[in-house]
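Undergrad: See my_file-v4.txt below, with compact mmCIF, C-alpha atoms.
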# COMPACT_ATOMS: atom_id res chain seq x y z
CA MET E 361 23.54 11.00 -1.46
CA MET E 362 23.78 14.78 -1.76
CA THR E 363 21.91 16.76 0.89
CA ILE E 364 20.58 20.28 0.60
CA ASP E 365 22.73 21.45 3.52
CA LYS E 366 25.91 20.30 1.79
CA PHE E 367 25.08 21.86 -1.57
CA ASN E 368 26.13 25.42 -2.41
CA PHE E 369 23.62 26.97 -4.82
CA ALA E 370 25.76 30.06 -5.52
CA GLY E 371 25.69 30.81 -9.25
CA LYS E 372 23.42 27.84 -9.89
CA LYS E 373 19.87 27.59 -11.21
CA ALA E 374 17.82 25.18 -9.11
CA ILE E 375 14.52 23.68 -10.22
CA VAL E 376 12.42 22.67 -7.22
CA ARG E 377 9.34 20.44 -7.24
CA VAL E 378 7.00 21.71 -4.53
CA ASP E 379 3.40 20.90 -3.68
CA PHE E 380 1.61 24.23 -4.07
CA ASN E 381 -1.74 22.55 -4.68
CA VAL E 382 -3.29 24.99 -2.21
CA PRO E 383 -7.02 25.59 -1.68
CA LEU E 384 -8.48 28.67 -3.37
CA ASP E 385 -11.76 30.47 -2.86
CA GLU E 386 -14.18 31.39 -5.68
CA ASN E 387 -12.09 34.50 -6.40
CA GLY E 388 -8.85 32.55 -6.74
CA LYS E 389 -7.50 33.70 -3.36
CA ILE E 390 -5.46 31.28 -1.24
CA THR E 391 -7.45 30.14 1.81
CA ASP E 392 -4.70 28.04 3.43
CA ASP E 393 -1.03 28.59 2.56
CA THR E 394 0.35 25.82 4.81
CA ARG E 395 2.01 24.08 1.86
CA ILE E 396 3.70 27.27 0.70
CA ARG E 397 5.02 27.94 4.19
CA GLY E 398 6.25 24.35 4.41
CA ALA E 399 8.50 24.82 1.36
CA LEU E 400 10.02 28.14 2.46
CA PRO E 401 13.15 26.76 4.21
CA THR E 402 14.22 25.01 1.00
CA LEU E 403 13.41 27.95 -1.28
CA LYS E 404 15.08 30.49 0.99
CA LYS E 405 18.22 28.36 1.33
CA ILE E 406 18.68 28.45 -2.46
CA LEU E 407 18.19 32.21 -2.63
CA SER E 408 20.39 32.97 0.39
CA ASP E 409 23.20 30.91 -1.17
CA GLY E 410 23.02 33.14 -4.24
CA GLY E 411 21.16 30.78 -6.51
CA ALA E 412 18.35 31.38 -8.99
CA LEU E 413 15.11 29.58 -8.23
CA ILE E 414 12.67 27.84 -10.58
CA ILE E 415 9.55 26.56 -8.83
CA MET E 416 7.28 23.92 -10.33
CA SER E 417 4.06 22.38 -9.03
CA HIS E 418 0.70 20.97 -10.01
CA MET E 419 -2.72 22.21 -8.96
CA GLY E 420 -5.91 20.16 -9.06
CA LYS E 421 -6.68 17.61 -11.75
CA PRO E 422 -6.92 19.40 -15.11
CA LYS E 423 -6.32 16.04 -16.87
CA GLY E 424 -3.75 17.27 -19.34
CA LYS E 425 -5.78 20.28 -20.49
CA VAL E 426 -5.27 24.01 -19.88
CA ASN E 427 -7.87 25.18 -17.38
CA ALA E 428 -7.80 28.70 -15.89
CA LYS E 429 -9.42 27.35 -12.71
CA TYR E 430 -6.17 25.52 -11.97
CA SER E 431 -3.68 28.15 -13.10
CA LEU E 432 -0.78 28.75 -10.74
CA LYS E 433 -0.85 32.39 -11.82
CA GLN E 434 -3.43 32.79 -9.06
CA ILE E 435 -0.84 32.07 -6.36
CA VAL E 436 2.01 34.29 -7.59
CA LYS E 437 1.17 37.06 -5.13
CA GLY E 438 0.87 34.62 -2.24
CA VAL E 439 4.27 33.09 -3.02
CA GLU E 440 5.80 36.57 -3.34
CA GLU E 441 4.45 37.59 0.07
CA ARG E 442 5.90 34.51 1.77
CA LEU E 443 9.25 34.53 -0.05
CA GLY E 444 9.69 38.28 0.24
CA VAL E 445 10.94 38.69 -3.34
CA PRO E 446 9.24 39.26 -6.73
CA VAL E 447 8.13 36.11 -8.52
CA GLN E 448 8.16 35.92 -12.32
CA PHE E 449 5.66 33.64 -14.03
CA ALA E 450 6.06 31.31 -17.01
CA GLU E 451 2.72 31.01 -18.83
CA ASP E 452 3.75 27.63 -20.29
CA CYS E 453 5.84 25.26 -18.20
CA ALA E 454 7.21 23.48 -21.29
CA LYS E 455 8.19 26.67 -23.10
CA ALA E 456 10.11 28.56 -20.44
CA THR E 457 13.66 28.15 -21.76
CA ALA E 458 14.21 31.86 -22.47
CA GLN E 459 12.87 32.93 -19.06
CA ALA E 460 14.95 30.29 -17.28
CA GLN E 461 18.13 31.31 -19.14
CA ALA E 462 17.58 34.98 -18.29
CA LEU E 463 17.11 34.26 -14.59
CA LYS E 464 19.76 35.88 -12.38
CA ALA E 465 20.95 35.03 -8.88
CA GLY E 466 18.28 35.82 -6.30
CA GLU E 467 15.46 35.78 -8.87
CA VAL E 468 12.47 33.47 -8.85
CA LEU E 469 10.43 31.94 -11.68
CA LEU E 470 7.20 30.02 -11.07
CA LEU E 471 6.15 27.65 -13.87
CA GLU E 472 2.53 27.19 -14.92
CA ASN E 473 0.66 24.06 -13.75
CA LEU E 474 2.61 20.96 -14.79
CA ARG E 475 -0.59 18.96 -15.20
CA PHE E 476 -1.73 21.14 -18.07
CA TYR E 477 0.43 18.63 -19.93
CA ALA E 478 -0.68 14.97 -19.88
CA GLU E 479 3.02 14.11 -20.13
CA GLU E 480 3.46 15.11 -16.47
CA GLU E 481 1.41 12.16 -15.20
CA GLY E 482 2.40 9.99 -18.14
CA LYS E 483 -1.06 8.60 -18.75
CA PRO E 484 -2.90 8.59 -22.09
CA VAL E 485 -5.91 10.90 -22.17
CA ASP E 486 -9.08 10.67 -24.24
CA ILE E 487 -8.67 6.91 -24.64
CA GLU E 488 -10.17 4.14 -22.50
CA LYS E 489 -8.11 1.25 -21.10
CA GLU E 490 -10.39 -1.16 -22.93
CA ASP E 491 -9.49 0.37 -26.30
CA PRO E 492 -7.16 -1.93 -28.31
CA ALA E 493 -4.97 1.09 -29.03
CA TYR E 494 -4.51 1.91 -25.31
CA GLU E 495 -1.26 -0.02 -24.78
CA GLU E 496 0.36 1.64 -27.79
CA ALA E 497 -0.84 5.04 -26.56
CA LYS E 498 0.57 4.26 -23.12
CA LYS E 499 3.96 3.38 -24.60
CA ALA E 500 4.01 6.59 -26.63
CA MET E 501 3.04 8.63 -23.57
CA LYS E 502 5.91 7.17 -21.51
CA SER E 503 8.31 8.31 -24.22
CA ALA E 504 6.68 11.76 -24.28
CA GLN E 505 6.90 11.92 -20.47
CA LYS E 506 10.66 11.41 -20.64
CA GLU E 507 11.01 14.24 -23.15
CA PHE E 508 8.83 16.50 -21.00
CA ALA E 509 11.08 15.75 -18.01
CA ARG E 510 14.15 16.43 -20.16
CA THR E 511 12.73 19.87 -21.03
CA LEU E 512 12.11 20.72 -17.36
CA ALA E 513 15.59 19.52 -16.42
CA SER E 514 17.16 21.71 -19.13
CA TYR E 515 16.12 24.84 -17.26
CA ALA E 516 18.46 24.23 -14.32
CA ASP E 517 21.82 23.02 -13.01
CA CYS E 518 20.37 21.03 -10.14
CA TYR E 519 17.10 19.45 -9.00
CA VAL E 520 15.45 19.53 -5.58
CA MET E 521 12.48 17.29 -4.71
CA ASP E 522 10.44 18.83 -1.90
CA ALA E 523 6.89 17.63 -2.62
CA PHE E 524 6.19 14.69 -0.31
CA GLY E 525 2.49 14.80 -1.18
CA THR E 526 3.33 13.62 -4.72
CA ALA E 527 6.32 11.41 -3.90
CA HIS E 528 4.27 8.25 -4.47
CA ARG E 529 3.68 9.17 -8.11
CA LYS E 530 6.22 8.46 -10.86
CA HIS E 531 5.51 11.72 -12.64
CA ALA E 532 7.84 13.66 -14.92
CA SER E 533 8.57 16.31 -12.29
CA THR E 534 8.72 14.04 -9.23
CA ALA E 535 10.85 11.13 -10.42
CA VAL E 536 11.67 10.99 -14.15
CA ILE E 537 13.43 14.38 -14.11
CA ALA E 538 15.98 13.06 -11.61
CA ASP E 539 17.45 10.83 -14.34
CA PHE E 540 18.83 13.94 -16.03
CA PHE E 541 20.97 14.98 -13.03
CA ASP E 542 23.95 13.15 -11.54
CA ALA E 543 23.99 12.15 -7.86
CA ASP E 544 25.79 15.36 -6.83
CA HIS E 545 23.16 17.62 -8.42
CA LYS E 546 19.88 16.15 -7.13
CA MET E 547 18.67 16.12 -3.56
CA LEU E 548 15.69 16.14 -1.20
CA GLY E 549 14.49 19.48 0.14
CA TYR E 550 14.14 20.22 3.85
CA LEU E 551 10.44 19.33 3.92
CA MET E 552 11.11 15.97 2.24
CA GLU E 553 13.96 15.25 4.64
CA LYS E 554 11.65 15.88 7.59
CA GLU E 555 8.93 13.65 6.13
CA VAL E 556 11.34 10.78 5.45
CA LYS E 557 12.82 11.11 8.94
CA ALA E 558 9.34 11.07 10.52
CA VAL E 559 8.25 7.97 8.58
CA ASP E 560 11.53 6.22 9.42
CA ALA E 561 11.02 7.06 13.11
CA VAL E 562 7.64 5.33 13.04
CA LEU E 563 8.56 2.32 10.92
CA LEU E 564 12.30 1.75 11.39
CA ASP E 565 13.25 3.29 14.72
CA ILE E 566 10.31 2.18 16.82
CA LYS E 567 10.21 3.04 20.53
CA ARG E 568 7.77 0.72 22.27
CA PRO E 569 4.95 0.43 23.02
CA PHE E 570 3.85 1.36 19.47
CA THR E 571 0.18 2.29 18.99
CA ALA E 572 -1.33 2.91 15.57
CA ILE E 573 -4.77 4.43 15.06
CA MET E 574 -6.37 3.73 11.68
CA GLY E 575 -9.68 5.43 10.93
CA GLY E 576 -11.77 6.27 7.94
CA SER E 577 -14.80 4.91 6.18
CA LYS E 578 -13.55 1.81 4.37
CA VAL E 579 -11.57 -1.27 5.30
CA SER E 580 -10.70 -1.76 1.62
CA THR E 581 -8.53 1.38 1.45
CA LYS E 582 -6.52 0.39 4.54
CA ILE E 583 -6.01 -3.39 4.15
CA GLY E 584 -2.38 -3.16 2.97
CA ILE E 585 -1.51 -0.65 5.69
CA ILE E 586 -3.18 -2.68 8.45
CA GLU E 587 -1.39 -5.85 7.36
CA ASN E 588 2.00 -4.11 7.25
CA LEU E 589 1.44 -2.54 10.66
CA MET E 590 0.42 -5.89 12.15
CA ASP E 591 4.11 -6.91 12.19
CA LYS E 592 5.18 -3.66 13.85
CA VAL E 593 2.61 -2.42 16.37
CA ASP E 594 1.78 -3.48 19.91
CA THR E 595 -1.69 -1.93 19.78
CA LEU E 596 -3.89 -1.27 16.76
CA ILE E 597 -6.96 0.95 17.13
CA LEU E 598 -9.46 0.73 14.27
CA CYS E 599 -12.10 3.44 14.23
CA GLY E 600 -14.45 5.38 11.98
CA GLY E 601 -16.91 3.91 9.51
CA MET E 602 -14.79 0.81 8.88
CA THR E 603 -15.59 -0.53 12.35
CA PHE E 604 -19.15 -1.37 11.32
CA THR E 605 -17.83 -3.85 8.77
CA PHE E 606 -16.08 -5.57 11.70
CA ALA E 607 -19.25 -5.40 13.83
CA LYS E 608 -21.38 -6.98 11.10
CA ALA E 609 -18.73 -9.61 10.38
CA GLN E 610 -19.05 -10.72 14.01
CA GLY E 611 -22.83 -11.01 13.76
CA GLY E 612 -23.81 -7.56 14.99
CA ASN E 613 -26.75 -5.41 13.92
CA ILE E 614 -25.49 -2.13 12.46
CA GLY E 615 -28.67 -0.50 11.18
CA ASN E 616 -27.96 1.84 8.27
CA SER E 617 -24.28 2.24 9.15
CA LEU E 618 -21.64 2.22 6.46
CA VAL E 619 -20.54 -1.32 5.61
CA GLU E 620 -18.52 -3.19 2.98
CA ASP E 621 -20.33 -6.49 2.67
CA ASP E 622 -17.62 -7.91 0.41
CA LYS E 623 -15.00 -7.32 3.12
CA LEU E 624 -16.63 -9.24 6.02
CA GLU E 625 -14.21 -12.16 5.65
CA VAL E 626 -11.30 -9.73 5.46
CA ALA E 627 -12.42 -8.18 8.75
CA LEU E 628 -12.55 -11.59 10.44
CA ASP E 629 -9.11 -12.40 9.01
CA ILE E 630 -7.67 -9.17 10.48
CA ILE E 631 -9.10 -10.05 13.89
CA ALA E 632 -7.57 -13.54 13.67
CA LYS E 633 -4.16 -12.20 12.54
CA ALA E 634 -4.03 -9.70 15.40
CA LYS E 635 -4.70 -12.49 17.89
CA ALA E 636 -2.10 -14.77 16.30
CA LYS E 637 0.56 -12.03 16.32
CA GLY E 638 -0.19 -10.86 19.86
CA VAL E 639 -1.36 -7.43 18.74
CA LYS E 640 -3.95 -5.78 20.96
CA LEU E 641 -6.81 -4.88 18.60
CA VAL E 642 -9.13 -2.12 19.83
CA LEU E 643 -12.42 -1.82 17.95
CA GLY E 644 -14.51 -0.04 20.57
CA SER E 645 -17.79 -1.05 22.15
CA ASP E 646 -20.30 1.75 21.57
CA CYS E 647 -21.10 4.50 19.11
CA ILE E 648 -23.12 7.67 18.70
CA ALA E 649 -25.84 6.78 16.24
CA ALA E 650 -27.87 9.26 14.19
CA ASP E 651 -31.21 9.06 12.41
CA LYS E 652 -29.72 10.83 9.38
CA PHE E 653 -26.38 12.00 8.02
CA ALA E 654 -26.65 15.63 9.05
CA ALA E 655 -25.31 18.13 11.58
CA ASP E 656 -28.76 18.45 13.19
CA ALA E 657 -29.55 14.72 13.35
CA ASN E 658 -31.15 13.16 16.41
CA THR E 659 -28.66 10.98 18.27
CA GLN E 660 -28.48 8.11 20.72
CA ILE E 661 -25.69 6.03 22.23
CA CYS E 662 -25.79 2.37 21.12
CA PRO E 663 -23.58 -0.70 21.33
CA ASP E 664 -21.58 -0.99 18.09
CA ASN E 665 -23.23 -4.30 17.40
CA ASP E 666 -26.81 -3.34 18.26
CA ILE E 667 -27.81 -0.25 16.28
CA PRO E 668 -31.56 0.13 15.65
CA ALA E 669 -32.92 -0.16 12.11
CA GLY E 670 -32.89 3.21 10.33
CA TRP E 671 -30.05 4.56 12.48
CA MET E 672 -26.37 4.83 11.60
CA GLY E 673 -23.18 5.09 13.65
CA LEU E 674 -21.41 8.39 12.99
CA ASP E 675 -18.93 8.60 15.88
CA ALA E 676 -17.30 6.64 18.67
CA GLY E 677 -19.36 6.52 21.85
CA PRO E 678 -18.15 7.60 25.33
CA ALA E 679 -17.09 4.09 26.39
CA THR E 680 -15.15 3.64 23.15
CA ALA E 681 -13.50 7.05 23.53
CA ALA E 682 -12.34 5.98 26.99
CA GLU E 683 -11.00 2.70 25.54
CA PHE E 684 -9.08 4.64 22.88
CA LYS E 685 -7.57 6.96 25.48
CA ALA E 686 -6.46 4.04 27.63
CA ALA E 687 -4.90 2.30 24.61
CA ILE E 688 -2.93 5.42 23.65
CA ALA E 689 -1.74 6.30 27.16
CA GLY E 690 1.79 5.06 27.78
CA ALA E 691 2.63 4.60 24.08
CA LYS E 692 6.11 5.74 22.99
CA THR E 693 5.45 5.70 19.22
CA ILE E 694 2.07 6.78 17.83
CA LEU E 695 0.73 6.89 14.30
CA TRP E 696 -2.70 8.36 13.54
CA ASN E 697 -4.39 8.21 10.16
CA GLY E 698 -8.13 8.70 9.83
CA PRO E 699 -10.81 10.17 12.12
CA ALA E 700 -13.09 8.27 14.50
CA GLY E 701 -16.27 9.84 13.17
CA VAL E 702 -17.81 12.60 11.07
CA PHE E 703 -15.76 15.23 12.89
CA GLU E 704 -16.92 17.97 10.51
CA PHE E 705 -20.24 17.92 12.42
CA GLU E 706 -19.85 19.10 16.02
CA LYS E 707 -22.14 16.35 17.35
CA PHE E 708 -19.82 13.70 15.95
CA GLU E 709 -16.36 15.06 16.75
CA GLY E 710 -16.02 13.59 20.26
CA GLY E 711 -14.24 10.38 19.30
CA SER E 712 -11.66 12.13 17.17
CA ARG E 713 -11.14 14.79 19.84
CA ALA E 714 -10.56 12.09 22.46
CA ILE E 715 -7.87 10.53 20.24
CA ALA E 716 -6.22 13.91 19.63
CA GLU E 717 -6.19 14.72 23.36
CA ALA E 718 -4.72 11.32 24.24
CA ILE E 719 -2.00 11.69 21.60
CA ALA E 720 -1.15 15.18 22.88
CA GLU E 721 -0.85 13.81 26.45
CA ALA E 722 1.35 10.92 25.34
CA THR E 723 3.55 13.27 23.29
CA LYS E 724 3.96 15.52 26.31
CA ALA E 725 5.12 12.44 28.22
CA GLY E 726 7.82 11.72 25.62
CA ALA E 727 6.15 9.77 22.81
CA PHE E 728 6.91 10.39 19.13
CA SER E 729 3.60 11.06 17.37
CA LEU E 730 3.06 11.22 13.62
CA ILE E 731 -0.25 12.51 12.25
CA GLY E 732 -0.92 11.97 8.56
CA GLY E 733 -3.71 11.97 6.00
CA GLY E 734 -5.91 14.92 5.13
CA ASP E 735 -8.75 14.21 7.56
CA SER E 736 -6.47 13.53 10.53
CA VAL E 737 -4.56 16.73 9.86
CA ALA E 738 -7.84 18.64 9.55
CA CYS E 739 -8.89 17.13 12.90
CA ILE E 740 -5.75 18.11 14.77
CA ASN E 741 -5.93 21.62 13.29
CA LYS E 742 -9.63 22.00 14.08
CA PHE E 743 -8.97 21.09 17.71
CA GLY E 744 -6.02 23.50 17.92
CA MET E 745 -3.55 20.75 18.87
CA ALA E 746 -1.11 20.89 15.95
CA GLU E 747 1.66 22.19 18.23
CA GLN E 748 1.10 19.37 20.72
CA VAL E 749 2.17 16.46 18.48
CA SER E 750 5.62 15.55 17.15
CA TYR E 751 5.02 15.76 13.42
CA ILE E 752 2.18 16.42 10.98
CA SER E 753 2.76 14.93 7.54
CA THR E 754 1.95 16.92 4.41
CA GLY E 755 1.41 13.75 2.38
CA GLY E 756 -1.82 11.77 2.33
CA GLY E 757 -1.41 9.05 -0.27
CA ALA E 758 2.38 9.21 -0.07
CA LEU E 759 2.36 8.65 3.67
CA LEU E 760 -0.07 5.75 3.40
CA GLU E 761 2.03 4.03 0.74
CA ALA E 762 5.18 4.53 2.83
CA ILE E 763 3.42 2.97 5.84
CA GLU E 764 2.28 0.15 3.59
CA GLY E 765 5.93 -0.57 2.92
CA LYS E 766 5.99 0.63 -0.69
CA ILE E 767 8.97 2.40 -2.24
CA LEU E 768 8.05 5.98 -3.17
CA PRO E 769 9.33 6.90 -6.67
CA GLY E 770 9.98 10.53 -5.71
CA ILE E 771 12.34 9.44 -2.94
CA ALA E 772 13.84 6.48 -4.79
CA ALA E 773 14.81 8.73 -7.70
CA ILE E 774 17.04 10.72 -5.34
CA ARG E 775 18.27 8.01 -2.97
CA GLY E 776 18.57 5.25 -5.57
CA ASP E 777 16.25 2.91 -3.64
CA LYS E 778 15.24 -0.31 -5.37
Once you've parsed the file, please lay out its structure as structure tokens.
TA:
Amino acid sequence: MMTIDKFNFAGKKAIVRVDFNVPLDENGKITDDTRIRGALPTLKKILSDGGALIIMSHMGKPKGKVNAKYSLKQIVKGVEERLGVPVQFAEDCAKATAQAQALKAGEVLLLENLRFYAEEEGKPVDIEKEDPAYEEAKKAMKSAQKEFARTLASYADCYVMDAFGTAHRKHASTAVIADFFDADHKMLGYLMEKEVKAVDAVLLDIKRPFTAIMGGSKVSTKIGIIENLMDKVDTLILCGGMTFTFAKAQGGNIGNSLVEDDKLEVALDIIAKAKAKGVKLVLGSDCIAADKFAADANTQICPDNDIPAGWMGLDAGPATAAEFKAAIAGAKTILWNGPAGVFEFEKFEGGSRAIAEAIAEATKAGAFSLIGGGDSVACINKFGMAEQVSYISTGGGALLEAIEGKILPGIAAIRGDK
């Protein structure tokens, strides 16, 4: 497999898929350019080699329609400031042949939002799945997606995939385009290489003990991940809103706490599997309950399984936080995805903070720690501990699918994984 370090971009045009789906304020100004900064090593390598650079990305979910709210024109200045060179803009990503051909070494062209074309995602629009004509529309769209990818590929001599956040999608620009380049002219960017290495360190090169922390509101969104981890981890901490499904499944009273009544048997099955596999399952014992979902709610500390009627658990309690810390201490491999509570409200950030502090301590003692998923990353950044962990993943859904053991199309298209 070709690597970006081995490739000389001199005299070449490189088309790079990045994830510049950055947050904007009401005036279209970038409020967090983390994703742009993350792609800079790849982009600067191409320019420093003497190559010409074509950048492509999506923004938001315009659903195959042109929408000024999601125009990448808004980020041109921000990209220029970070790259340190002028950035040209192609108003139509599928009609940029002339601009791409005119591009000289050291020049940069940013394409308009790929998702202004439904062909990017390859899904029929304006037709429901129940419609008898849907399957035919789907088939036609797949053919159109290939042609869209062919057009994008025609702009350049080589292709670089550096958008881990979209690597789990088989889109025109993330996977299909790779078919139009031979093995020596397609590669992963530096950011992708780091992401793949971090995931491999957690799943393939495990240093034990291995502790995984899975949080979030619903068991249903994490079942596949939990089951895959069950064969790998020594300790599994489950936290956040999903824990109340486990509490109710075991006969507890959870008041108005979040619960998935159709997943009670699943919760009991997870408990049984952990016991059978010798995995230490940590669910916690108490919570901070609130009388409403609000920053100014009244609170009380309750056992997880004995929450008064009308109250809801919104964070891990002090005893649970201590249990989490003890379970993380001494770990050599740590994975964290999902907060322990409604960390956005100061009253309910304690559980997540305790996890972050414990991970930072373990990392300092030599553990490899991987933080992934939007909320977990927001947590670690809010607490100012981003520099105290081993790696923070840029991919939410992509990371989760990788942990679940799924092959990511955006990586497979480069590496030839099956």
Undergrad: Do a neighbour search on Ala689 in chain E at 9 Å with only C-alpha atoms, toss out local chain neighbours closer than 2 positions, and write the hits as a PyMOL selection string.
TA: chain E and resi 684-687+691-692+718-719+721-722
Undergrad: Enter the distance from CA of Gly776 in chain E to CA of Ile415 in chain E, in Å, rounded to one decimal.
TA: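 Pair CA of Gly776 in chain E / CA of Ile415 in chain E returns 23.4 Å.
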Undergrad: Mind giving me the straight-line distance from CA of Thr680 in chain E to CA of Glu761 in chain E in Å, one decimal?
TA: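 Result for CA of Thr680 in chain E versus CA of Glu761 in chain E: 28.2 Å, one decimal.
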Undergrad: Looking at E:Met574, E:Ala681, E:Ala609, E:Ile648, which one is nearest to Val626 in chain E, with distances taken over only C-alpha atoms?
TA: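 Under the stated criterion, the closest residue is E:Ala609.
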Undergrad: Which residues are close to Leu563 in chain E, i.e. within 10 Å by all atoms listed in the file, leaving aside same-chain residues fewer than 6 positions away? Reply as a PyMOL selection string.
TA: chain E and resi 557+570+588-589+592-593+693+695+762-765
Undergrad: Choose the residue, out of E:Leu564, E:Ala516, E:Met602, E:Val702, that has the smallest atom-to-atom separation from Lys546 in chain E; count only C-alpha atoms.
TA: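 Among the listed residues, E:Ala516 lies closest to Lys546 in chain E.
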Undergrad: For a quick check of understanding, using all atoms listed in the file, which of E:Gly466, E:Gly756, E:Pro383, E:Gly420 has the smallest distance to Phe369 in chain E?
TA: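 Smallest distance to Phe369 in chain E is found for E:Gly466.
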Undergrad: State, in Å with one decimal place, the distance from CA of Leu407 in chain E to CA of Ala527 in chain E.
TA: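 CA of Ala527 in chain E lies 24.0 Å from CA of Leu407 in chain E.
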Undergrad: Of the residues E:Asn616, E:Arg395, E:Gly525, E:Ser577, which is the one nearest to Gly701 in chain E, using all atoms listed in the file?
TA: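 Under the stated criterion, the closest residue is E:Ser577.
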Undergrad: So, with only C-alpha atoms as the atoms that count, which of E:Val376, E:Ile396, E:Ala465, E:Ala428 lies closest to Ser408 in chain E?
TA: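 Closest candidate: E:Ala465.
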Undergrad: Quick one: what's the axis-aligned box for range 513-529 of chain E, all listed atoms, 8 Å on every side, centre and edges in Å to one decimal, as JSON?
TA:
{"center_x": 12.2, "center_y": 16.5, "center_z": -9.7, "size_x": 35.3, "size_y": 32.6, "size_z": 34.8}
Undergrad: For a quick check of understanding, using all atoms listed in the file, which of E:Thr511, E:Thr402, E:Ile630, E:Ala493 has the smallest distance to Gly584 in chain E?
TA: E:Ile630
Undergrad: Can you tell me which residues surround Ala513 in chain E at a distance of at most 8 Å, considering only C-alpha atoms, apart from same-chain residues fewer than 5 positions away, and format the answer as number ranges by chain?
TA: E: 375, 519, 537, 540-541
Undergrad: Taking (11.8, 11.4, -9.6) in the file's own coordinates, collect the residues within 8 Å, counting only C-alpha atoms, and hand them back as a PyMOL selection string.
TA: chain E and resi 521+527+530-539+769-774
Undergrad: Taking C-alpha atoms for each residue, export the selection above as a short mmCIF file (atom, residue, chain, number, x, y, z; two decimals), in the frame of the given file.
TA:
data_model
loop_
_atom_site.label_atom_id
_atom_site.label_comp_id
_atom_site.auth_asym_id
_atom_site.auth_seq_id
_atom_site.Cartn_x
_atom_site.Cartn_y
_atom_site.Cartn_z
CA MET E 521 12.48 17.29 -4.71
CA ALA E 527 6.32 11.41 -3.90
CA LYS E 530 6.22 8.46 -10.86
CA HIS E 531 5.51 11.72 -12.64
CA ALA E 532 7.84 13.66 -14.92
CA SER E 533 8.57 16.31 -12.29
CA THR E 534 8.72 14.04 -9.23
CA ALA E 535 10.85 11.13 -10.42
CA VAL E 536 11.67 10.99 -14.15
CA ILE E 537 13.43 14.38 -14.11
CA ALA E 538 15.98 13.06 -11.61
CA ASP E 539 17.45 10.83 -14.34
CA PRO E 769 9.33 6.90 -6.67
CA GLY E 770 9.98 10.53 -5.71
CA ILE E 771 12.34 9.44 -2.94
CA ALA E 772 13.84 6.48 -4.79
CA ALA E 773 14.81 8.73 -7.70
CA ILE E 774 17.04 10.72 -5.34
#
Undergrad: Please report, as JSON lines, each residue of range 676-720 of chain E lying at most 12 Å from range 733-742 of chain E, together with the nearest pair of atoms and the separation in Å rounded to one decimal; use all atoms listed in the file, and order rows by chain and ascending residue number.
TA:
{"residue": "E:Leu695", "atom": "CA", "partner": "E:Ser736", "partner_atom": "CA", "distance": 10.5}
{"residue": "E:Trp696", "atom": "CA", "partner": "E:Ser736", "partner_atom": "CA", "distance": 7.1}
{"residue": "E:Asn697", "atom": "CA", "partner": "E:Gly733", "partner_atom": "CA", "distance": 5.6}
{"residue": "E:Gly698", "atom": "CA", "partner": "E:Ser736", "partner_atom": "CA", "distance": 5.2}
{"residue": "E:Pro699", "atom": "CA", "partner": "E:Ser736", "partner_atom": "CA", "distance": 5.7}
{"residue": "E:Ala700", "atom": "CA", "partner": "E:Ser736", "partner_atom": "CA", "distance": 9.3}
{"residue": "E:Gly701", "atom": "CA", "partner": "E:Asp735", "partner_atom": "CA", "distance": 10.3}
{"residue": "E:Val702", "atom": "CA", "partner": "E:Asp735", "partner_atom": "CA", "distance": 9.8}
{"residue": "E:Phe703", "atom": "CA", "partner": "E:Cys739", "partner_atom": "CA", "distance": 7.1}
{"residue": "E:Glu704", "atom": "CA", "partner": "E:Cys739", "partner_atom": "CA", "distance": 8.4}
{"residue": "E:Phe705", "atom": "CA", "partner": "E:Cys739", "partner_atom": "CA", "distance": 11.4}
{"residue": "E:Glu706", "atom": "CA", "partner": "E:Lys742", "partner_atom": "CA", "distance": 10.8}
{"residue": "E:Phe708", "atom": "CA", "partner": "E:Cys739", "partner_atom": "CA", "distance": 11.9}
{"residue": "E:Glu709", "atom": "CA", "partner": "E:Cys739", "partner_atom": "CA", "distance": 8.7}
{"residue": "E:Gly710", "atom": "CA", "partner": "E:Cys739", "partner_atom": "CA", "distance": 10.8}
{"residue": "E:Gly711", "atom": "CA", "partner": "E:Cys739", "partner_atom": "CA", "distance": 10.7}
{"residue": "E:Ser712", "atom": "CA", "partner": "E:Cys739", "partner_atom": "CA", "distance": 7.1}
{"residue": "E:Arg713", "atom": "CA", "partner": "E:Cys739", "partner_atom": "CA", "distance": 7.7}
{"residue": "E:Ala714", "atom": "CA", "partner": "E:Ile740", "partner_atom": "CA", "distance": 10.9}
{"residue": "E:Ile715", "atom": "CA", "partner": "E:Ile740", "partner_atom": "CA", "distance": 9.6}
{"residue": "E:Ala716", "atom": "CA", "partner": "E:Ile740", "partner_atom": "CA", "distance": 6.4}
{"residue": "E:Glu717", "atom": "CA", "partner": "E:Ile740", "partner_atom": "CA", "distance": 9.2}
{"residue": "E:Ala718", "atom": "CA", "partner": "E:Ile740", "partner_atom": "CA", "distance": 11.7}
{"residue": "E:Ile719", "atom": "CA", "partner": "E:Ile740", "partner_atom": "CA", "distance": 10.1}
{"residue": "E:Ala720", "atom": "CA", "partner": "E:Ile740", "partner_atom": "CA", "distance": 9.8}
Undergrad: Might you pull out every residue within 12 Å of Glu451 in chain E, with all atoms listed in the file counted and same-chain residues fewer than 5 positions away left off, and present them as a PyMOL selection string?
TA: chain E and resi 416+426+428+431-434+436+456-457+459+469-474+476
Undergrad: Env of Ala523 in chain E: 7 Å cut, atoms = all atoms listed in the file, seq-sep filter 4 positions within chain, self excluded. Answer as a list in words.
TA: Arg377, Val378, Asp379, Ala527 and Met552 of chain E
Undergrad: I need the chosen residues saved as a compact mmCIF listing (two decimals), keeping the file's coordinate frame, with C-alpha atoms.
TA:
# COMPACT_ATOMS: atom_id res chain seq x y z
CA ARG E 377 9.34 20.44 -7.24
CA VAL E 378 7.00 21.71 -4.53
CA ASP E 379 3.40 20.90 -3.68
CA ALA E 527 6.32 11.41 -3.90
CA MET E 552 11.11 15.97 2.24
